[in-house]
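Notes for the one structure printed next.
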Amino acid sequence: MDDTAQAMLDHISTYAKDYVSTRKFYEAAFTPLGYTVQAEFVVEWDADFPTRRCCAFGEDGKASYWIIETKETVSPRHIAFAAKSRAEVDEFYKLGLANGGEDNGEPGLRPVYHEHYYGAFLLDPDGNNTEAVCHLPE
């Protein structure tokens with residue numbers, strides 16, 4: 001993919017019963033990937049949950065990955081985030097573990113996908129399978 005190509009997805013959301021822990025997990029795990037909080041607010045217009053919090057992570061002012069507070073646990077999801085290097089994958093894993101994530105697959109090659117697929121998997125505080133992946137050779 002060249003620099004002029006656009007991503008297929010504009011943004012995606014996941015849900016967090018424990019909003020504070022989930023936000024902390026992603027804020028730490030995303031540090032090596034260069035993703036930071038781009039937006040955060042309370043969804044006051046939600047009559048059923050007027051204190052519902054949400055935040056979005058991304059780069060350069062683009063809110064791409066939203067965390068939305070929920071009262072009930074929802075089905076877990078899987079999402080993979082792009083890393084520019086294997087070192088970023090390793091750091092994502094290390095920081096995620098240190099901030100409430102659970103191991104769901106240590107950093108390493110996954111040749112079943114392709115020869116250079118290097119990923120690490122963590123379960124976030126709500127059980128979502130969160131991955132960082134680099135597709136480049138070392």
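We label chains A, B, ... in the order they appear in the structure tokens, count residues from 1 in each chain, and number ligands from 1 in the order shown.
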Would you kindly return, as a list in words, each protein, DNA or RNA residue with an atom no farther than 7 Å from any atom of Val133 in chain A, considering only C-alpha atoms and excluding same-chain residues fewer than 5 positions away?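 Close residues of Val133 in chain A: Ala80, Phe81, Ala82, Ala83, Val89, Tyr117, Tyr118, Gly119 and Ala120 of chain A.
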Write out as a VMD selection string the residues lying within 12 Å of Gly108 in chain A, counting only C-alpha atoms and excluding same-chain residues fewer than 3 positions away. chain A and resid 86 to 87 89 to 90 93 104 to 105 111 to 112 115 to 121 131 to 135 138
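Among A:Glu72, A:Gly96, A:Asp103, A:Leu136, the residue with the shortest atom-to-atom distance to Lys24 in chain A, counting only C-alpha atoms, is A:Gly96.
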As a list in words, please: every residue in range 25-94 of chain A that DSSP puts in alpha helix (DSSP H).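 Residues meeting the alpha helix (DSSP H) criterion: Phe25, Tyr26, Glu27, Ala28, Ala29, Arg86, Ala87, Glu88, Val89, Asp90, Glu91, Phe92, Tyr93 and Lys94 of chain A.
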From chain A, collect each residue whose DSSP state is strand (DSSP E or B) and return the set as a PyMOL selection string. chain A and resi 12-16+36-42+53-59+62-69+78-82+102-103+108-109+118-123+129-134
